Structure formats: structure tokens, C-alpha cells
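Pasting work_9.csv here (CSV, C-alpha atoms):
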chain,number,residue,atom,x,y,z
A,16,MET,CA,78.0,-77.5,34.6
A,17,ALA,CA,75.2,-80.0,34.3
A,18,THR,CA,76.2,-82.9,32.2
A,19,ARG,CA,73.8,-85.2,30.2
A,20,ILE,CA,74.3,-88.6,28.6
A,21,ARG,CA,72.5,-88.3,25.4
A,22,LEU,CA,72.2,-89.5,21.8
A,23,GLN,CA,73.7,-87.6,18.9
A,24,ARG,CA,72.1,-88.4,15.6
A,25,GLY,CA,74.0,-89.6,12.6
A,26,GLY,CA,73.3,-91.7,9.6
A,27,ARG,CA,71.2,-90.8,6.6
A,28,LYS,CA,67.6,-90.0,6.1
A,29,ASN,CA,65.2,-92.7,7.3
A,30,TYR,CA,68.2,-94.7,8.6
A,31,ALA,CA,69.2,-93.1,11.9
A,32,PHE,CA,72.4,-94.1,13.7
A,33,TYR,CA,73.3,-92.6,17.1
A,34,SER,CA,76.4,-91.9,19.1
A,35,ILE,CA,76.1,-92.0,22.9
A,36,VAL,CA,77.8,-88.9,24.1
A,37,ILE,CA,78.5,-86.9,27.3
A,38,ALA,CA,77.4,-83.2,26.7
A,39,ASP,CA,76.5,-80.1,28.5
A,40,ALA,CA,72.8,-80.0,29.2
A,41,ARG,CA,72.5,-76.7,27.3
A,42,ALA,CA,74.2,-78.0,24.1
A,43,PRO,CA,72.1,-78.8,21.1
A,44,ARG,CA,71.4,-82.5,20.2
A,45,ASP,CA,74.0,-82.6,17.4
A,46,GLY,CA,76.3,-80.0,18.9
A,47,LYS,CA,79.5,-79.9,20.9
A,48,PHE,CA,80.1,-82.8,23.3
A,49,THR,CA,82.6,-83.8,25.9
A,50,GLU,CA,83.2,-87.5,25.2
A,51,LYS,CA,81.8,-90.2,23.0
A,52,ILE,CA,81.2,-93.4,25.0
A,53,GLY,CA,79.4,-95.6,22.5
A,54,THR,CA,77.0,-96.1,19.6
A,55,TYR,CA,73.4,-97.2,19.2
A,56,ASN,CA,71.9,-98.6,16.0
A,57,PRO,CA,68.1,-99.1,16.3
A,58,ASN,CA,67.9,-100.4,12.7
A,59,THR,CA,69.0,-103.9,13.5
A,60,ASN,CA,66.9,-106.5,15.2
A,61,PRO,CA,67.7,-106.5,18.1
A,62,ALA,CA,69.2,-103.0,18.3
A,63,THR,CA,73.0,-103.0,18.3
A,64,VAL,CA,74.8,-101.2,21.2
A,65,ASP,CA,78.5,-100.7,21.3
A,66,LEU,CA,79.3,-99.1,24.7
A,67,ASN,CA,82.5,-98.3,26.6
A,68,PHE,CA,81.2,-99.8,29.8
A,69,ASP,CA,83.8,-98.4,32.2
A,70,ARG,CA,83.4,-94.8,30.9
A,71,ALA,CA,79.6,-95.0,31.0
A,72,LEU,CA,79.8,-96.3,34.6
A,73,TYR,CA,82.2,-93.5,35.5
A,74,TRP,CA,79.9,-90.8,34.2
A,75,VAL,CA,76.8,-92.3,35.8
A,76,GLU,CA,78.6,-92.5,39.2
A,77,THR,CA,79.8,-88.8,38.8
A,78,GLY,CA,76.2,-87.7,38.4
A,79,ALA,CA,75.6,-87.3,34.6
A,80,GLN,CA,71.9,-87.5,33.9
A,81,PRO,CA,70.9,-89.7,31.0
A,82,THR,CA,68.0,-89.1,28.7
A,83,ASP,CA,65.2,-91.7,28.9
A,84,THR,CA,66.4,-93.6,25.9
A,85,VAL,CA,70.0,-93.6,27.1
A,86,ARG,CA,68.8,-94.7,30.6
A,87,ASN,CA,67.1,-97.7,29.0
A,88,ILE,CA,70.2,-98.5,27.0
A,89,LEU,CA,72.5,-98.2,30.0
A,90,SER,CA,70.1,-100.3,32.1
A,91,ASP,CA,70.0,-103.0,29.4
A,92,GLU,CA,73.8,-103.1,29.3
A,93,GLY,CA,74.1,-103.4,33.1
A,94,VAL,CA,75.6,-100.1,33.9
A,95,TYR,CA,73.0,-99.3,36.6
A,96,LEU,CA,73.3,-102.9,38.0
A,97,MET,CA,77.0,-102.4,38.4
A,98,LYS,CA,76.5,-99.0,40.0
A,99,HIS,CA,74.0,-100.7,42.5
A,100,LEU,CA,76.5,-103.5,43.2
A,101,ARG,CA,79.3,-101.0,43.8
A,102,GLY,CA,77.1,-99.2,46.2
A,103,GLY,CA,76.7,-102.4,48.1
A,104,VAL,CA,80.5,-102.9,48.2
A,105,LYS,CA,80.9,-99.3,49.6
A,106,LYS,CA,78.3,-100.1,52.3
A,107,GLY,CA,80.1,-103.3,53.2
A,108,ALA,CA,77.3,-105.7,52.3
A,109,PHE,CA,79.7,-107.8,50.2
A,110,ASP,CA,83.1,-107.5,48.6
A,111,GLU,CA,84.2,-106.6,45.1
A,112,ALA,CA,84.6,-110.3,44.0
A,113,VAL,CA,81.0,-111.2,45.0
A,114,ALA,CA,79.7,-108.1,43.2
A,115,GLN,CA,81.6,-109.1,40.0
A,116,GLU,CA,80.2,-112.7,40.3
A,117,LYS,CA,76.7,-111.4,40.5
A,118,PHE,CA,77.2,-109.1,37.6
A,119,ASP,CA,78.8,-111.9,35.5
A,120,ALA,CA,75.9,-114.2,36.3
A,121,TRP,CA,73.4,-111.5,35.3
A,122,LYS,CA,75.3,-110.9,32.0
A,123,ALA,CA,75.5,-114.7,31.2
A,124,ASP,CA,71.7,-115.0,31.8
A,125,LYS,CA,71.0,-112.0,29.6
A,126,VAL,CA,73.3,-113.4,26.8
A,127,LYS,CA,71.5,-116.7,27.1
A,128,GLY,CA,68.1,-115.0,26.8
A,129,LEU,CA,69.3,-113.1,23.7
A,130,ASP,CA,70.6,-116.3,22.1
A,131,VAL,CA,67.2,-117.9,22.7
A,132,VAL,CA,65.5,-115.0,21.0
A,133,ARG,CA,67.9,-115.1,18.1
A,134,GLU,CA,67.4,-118.8,17.7
A,135,GLN,CA,63.6,-118.4,17.7
A,136,MET,CA,63.9,-115.6,15.0
A,137,ALA,CA,66.2,-117.8,12.9
A,138,LYS,CA,63.8,-120.8,13.3
A,139,ALA,CA,60.8,-118.6,12.4
A,140,LYS,CA,62.6,-117.3,9.3
A,141,LYS,CA,63.6,-120.8,8.3
A,142,ASP,CA,60.0,-122.1,8.8
A,143,ALA,CA,58.7,-119.2,6.7
A,144,VAL,CA,61.1,-120.0,3.9
A,145,ALA,CA,60.2,-123.7,4.0
A,146,LYS,CA,56.5,-122.8,4.0
A,147,GLU,CA,57.0,-120.5,1.0
A,148,LEU,CA,58.9,-123.3,-0.8
A,149,ALA,CA,56.2,-125.8,-0.1
A,150,ALA,CA,53.5,-123.4,-1.4
A,151,GLU,CA,55.7,-122.7,-4.5
A,152,LYS,CA,56.1,-126.4,-5.1
A,153,LYS,CA,52.4,-127.0,-4.9
A,154,ILE,CA,51.7,-124.2,-7.4
A,155,ASN,CA,54.4,-125.6,-9.7
A,156,GLU,CA,52.8,-129.0,-9.5
A,157,GLU,CA,49.4,-127.6,-10.4
A,158,ILE,CA,50.9,-125.7,-13.3
A,159,ALA,CA,52.8,-128.8,-14.5
A,160,LYS,CA,49.5,-130.9,-14.3
A,161,LYS,CA,47.7,-128.3,-16.3
A,162,VAL,CA,50.4,-128.2,-18.9
A,163,ALA,CA,50.5,-132.0,-19.0
A,164,ASP,CA,46.7,-132.1,-19.5
A,165,LYS,CA,46.9,-129.5,-22.2
A,166,LYS,CA,49.7,-131.4,-24.0
A,167,ALA,CA,47.7,-134.7,-23.7
A,168,ALA,CA,44.6,-133.0,-25.1
A,169,ILE,CA,46.7,-131.6,-28.0
A,170,ALA,CA,48.2,-135.0,-28.6
A,171,ALA,CA,44.8,-136.7,-28.5
A,172,ALA,CA,43.4,-134.1,-30.9
A,173,LYS,CA,46.4,-134.6,-33.2
A,174,ALA,CA,46.0,-138.4,-33.0
A,175,GLU,CA,42.3,-138.1,-33.8
A,176,GLU,CA,43.1,-135.8,-36.7
A,177,GLU,CA,45.8,-138.2,-38.0
A,178,ALA,CA,43.4,-141.1,-37.6
A,179,ALA,CA,40.7,-139.2,-39.5
A,180,LYS,CA,43.2,-138.4,-42.3
A,181,ALA,CA,44.3,-142.0,-42.4
A,182,ALA,CA,40.6,-143.1,-42.5
A,183,GLU,CA,40.0,-140.6,-45.4
A,184,ALA,CA,43.1,-141.8,-47.2
A,185,ALA,CA,42.0,-145.4,-46.7
A,186,ALA,CA,38.5,-144.7,-47.9
A,187,ALA,CA,39.8,-142.8,-50.9
A,188,GLU,CA,42.2,-145.6,-51.8
A,189,ALA,CA,39.6,-148.3,-51.4
A,190,PRO,CA,37.2,-147.1,-54.2
A,191,ALA,CA,40.2,-146.7,-56.5
A,192,GLU,CA,41.3,-150.2,-55.8
A,193,ASN,CA,37.8,-151.5,-56.4
A,194,ALA,CA,37.6,-149.6,-59.7
A,195,GLU,CA,40.9,-151.2,-60.8
A,196,THR,CA,39.8,-154.7,-59.9
A,197,GLU,CA,36.5,-154.2,-61.6
A,198,ALA,CA,37.9,-152.8,-64.8
A,199,PRO,CA,39.9,-155.8,-65.9
A,200,ALA,CA,37.0,-158.1,-65.2
A,201,GLU,CA,34.9,-156.4,-67.8
A,202,ALA,CA,37.4,-156.6,-70.6

Here is the file; what I need is its structure written in the form of C-alpha cells.
Amino acid sequence: MATRIRLQRGGRKNYAFYSIVIADARAPRDGKFTEKIGTYNPNTNPATVDLNFDRALYWVETGAQPTDTVRNILSDEGVYLMKHLRGGVKKGAFDEAVAQEKFDAWKADKVKGLDVVREQMAKAKKDAVAKELAAEKKINEEIAKKVADKKAAIAAAKAEEEAAKAAEAAAAEAPAENAETEAPAEA
């Protein structure tokens, strides 16, 4: 029986979620499988992989052929590197402890690289939010200035109107006062 390491689709429409399974090469994509060794979620950034490393390594060493996508996933997780290092141990190039040290150093370097990428993404997101906030503040200041100018214009117009009414009232009272002062002088 030819075994394959493949993805089995799950999730809802337009939001795929995959299980990494060991299956017969003739079985359909979402059909019967021998063992589930992990999950793959391409919807996150970066894609999330939850893998049973020991079982994946076992199946790769026993000859299970992965699909292209699964090969990339296994390679990114270090399964093929560990297979290579175990081959070196079998040939006597180095011992198991050195192989584990090399793998741990590779894994630490990979984690450090992923952390740098996450930090850059977080910084870019933070900068974008700050930029949007600055643009919004600028727009709000412009709107506030327009509103203040409009209120000042309305207040000036109201003051002019009141001044005109006061002047009218003063002009209307002035002839009446003149008429009162002139009337007693004639009598």
C-alpha cells in the first residue's frame, strides 16, 4: 500500500482549515485516513501549523510520500532536517547529541526570525494606526476651524444687527427727545 501525507479539508466555505493526515494514495482527499498527525490553518498570518513532530518524522522515514504543500509544511517545521541529521548519525558522521544540538540551533534561529517578522508586522500596524490618528486629528482641526470661523461670522453678523438696532433705537429716541424739549420752550 502506497501511503501519502496529505491535507484533508475542513472548515467552512471561504475559510479552509486542513488536517494533515496519513492516507492511502488511492483514497479521496476527504476520505478515509490512517492517522491524523496535525493541522494547518492558512487563514492566519503567518499560517498556523500544529504538528505531531515525532509521528511526522516516523512516517517520512518509513517512506510516506507527502504532497507538495505538505512537503513545504514539513520542511518548515524541520522534519526533513531531522531526517537528514538522523541519516548522518546512522552513517557515523556525528552522534545523536550533536544532531539534536544542530536541530535546536536551527529551530532557535527560525523562532528568532519569526519573532522579528511578527515585531515588524506589529510595528507596521501600530504606525498605520498612528498615521490614521494623525490624519483624523488634522481633519478634525480643520473642521473645528471652519466651525469656529462660521460661529465668529454668525456672532459678528448678530453684533452688527444688534448695533444697527441700537443705532435705530437711538435715532428714534433722539427726535422724540428733541420734540419734548422743544415743545415746552414754545409754551

Quote the spacing between CA of Ala123 (chain A) and CA of Val94 (chain A) in Å to one decimal place.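 Computed distance, CA of Ala123 (chain A) to CA of Val94 (chain A), equals 14.8 Å.
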
I need the residue nearest Pro57 (chain A) from this list: A:Ala120, A:Leu72, A:Ala187, A:Ala31. Use only C-alpha atoms for the distance.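 So, comparing all the options, the nearest one is A:Ala31.
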
Nearest to Gln80 (chain A), chosen from A:Arg21, A:Lys153, A:Lys125, A:Lys166, with all atoms listed in the file counted in the distances: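 Nearest candidate to Gln80 (chain A) out of A:Arg21, A:Lys153, A:Lys125, A:Lys166: A:Arg21.
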
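Our summary of the geometry notes that CA of Ile37 (chain A) is positioned 6.7 Å from CA of Thr18 (chain A).
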
A:Lys140, A:Asn56, A:Val113, A:Lys160 ranked by distance to Gly26 (chain A), top pick (using only C-alpha atoms):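 Among A:Lys140, A:Asn56, A:Val113, A:Lys160, it is A:Asn56 that comes nearest to Gly26 (chain A).
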
Could you tell me, as a ChimeraX atom specification, which residues have any atom at most 7 Å from (75.2, -101.7, 25.2), counting all atoms listed in the file? /A:64-66,88-89,91-92

Step by step: start from the point (77.2, -109.6, 33.7) in the file's coordinates, keep every protein, DNA or RNA residue that has an atom no farther than 12 Å from it, count only C-alpha atoms, and write the set as an mmCIF file with C-alpha atoms, in the coordinates of the input.
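Generated output (selection-v1.cif):
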data_model
loop_
_atom_site.group_PDB
_atom_site.id
_atom_site.type_symbol
_atom_site.label_atom_id
_atom_site.label_comp_id
_atom_site.auth_asym_id
_atom_site.auth_seq_id
_atom_site.Cartn_x
_atom_site.Cartn_y
_atom_site.Cartn_z
ATOM 1 C CA PHE A 68 81.200 -99.800 29.800
ATOM 2 C CA SER A 90 70.100 -100.300 32.100
ATOM 3 C CA ASP A 91 70.000 -103.000 29.400
ATOM 4 C CA GLU A 92 73.800 -103.100 29.300
ATOM 5 C CA GLY A 93 74.100 -103.400 33.100
ATOM 6 C CA VAL A 94 75.600 -100.100 33.900
ATOM 7 C CA TYR A 95 73.000 -99.300 36.600
ATOM 8 C CA LEU A 96 73.300 -102.900 38.000
ATOM 9 C CA MET A 97 77.000 -102.400 38.400
ATOM 10 C CA LEU A 100 76.500 -103.500 43.200
ATOM 11 C CA ALA A 114 79.700 -108.100 43.200
ATOM 12 C CA GLN A 115 81.600 -109.100 40.000
ATOM 13 C CA GLU A 116 80.200 -112.700 40.300
ATOM 14 C CA LYS A 117 76.700 -111.400 40.500
ATOM 15 C CA PHE A 118 77.200 -109.100 37.600
ATOM 16 C CA ASP A 119 78.800 -111.900 35.500
ATOM 17 C CA ALA A 120 75.900 -114.200 36.300
ATOM 18 C CA TRP A 121 73.400 -111.500 35.300
ATOM 19 C CA LYS A 122 75.300 -110.900 32.000
ATOM 20 C CA ALA A 123 75.500 -114.700 31.200
ATOM 21 C CA ASP A 124 71.700 -115.000 31.800
ATOM 22 C CA LYS A 125 71.000 -112.000 29.600
ATOM 23 C CA VAL A 126 73.300 -113.400 26.800
ATOM 24 C CA LYS A 127 71.500 -116.700 27.100
#

Take CA of Ile169 (chain A) and CA of Glu188 (chain A) and report the distance between them in Å, one decimal.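 Distance between the two atoms: 28.0 Å.
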
Can you pull out every residue within 6 Å of Ile35 (chain A), counting all atoms listed in the file, but drop anything in the same chain fewer than 5 positions away, and send it as a PDB file with C-alpha atoms, in the coordinates of the input?
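File written: result-v5.pdb
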ATOM      1  CA  ARG A  21      72.500 -88.300  25.400  1.00  0.00           C
ATOM      2  CA  LEU A  22      72.200 -89.500  21.800  1.00  0.00           C
ATOM      3  CA  LYS A  51      81.800 -90.200  23.000  1.00  0.00           C
ATOM      4  CA  ILE A  52      81.200 -93.400  25.000  1.00  0.00           C
ATOM      5  CA  GLY A  53      79.400 -95.600  22.500  1.00  0.00           C
ATOM      6  CA  THR A  54      77.000 -96.100  19.600  1.00  0.00           C
TER       7      THR A  54
END

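Distances here use all atoms listed in the file; by that measure, the residue among A:Glu157, A:Ile20, A:Ala178, A:Ala168 closest to Tyr73 (chain A) is A:Ile20.
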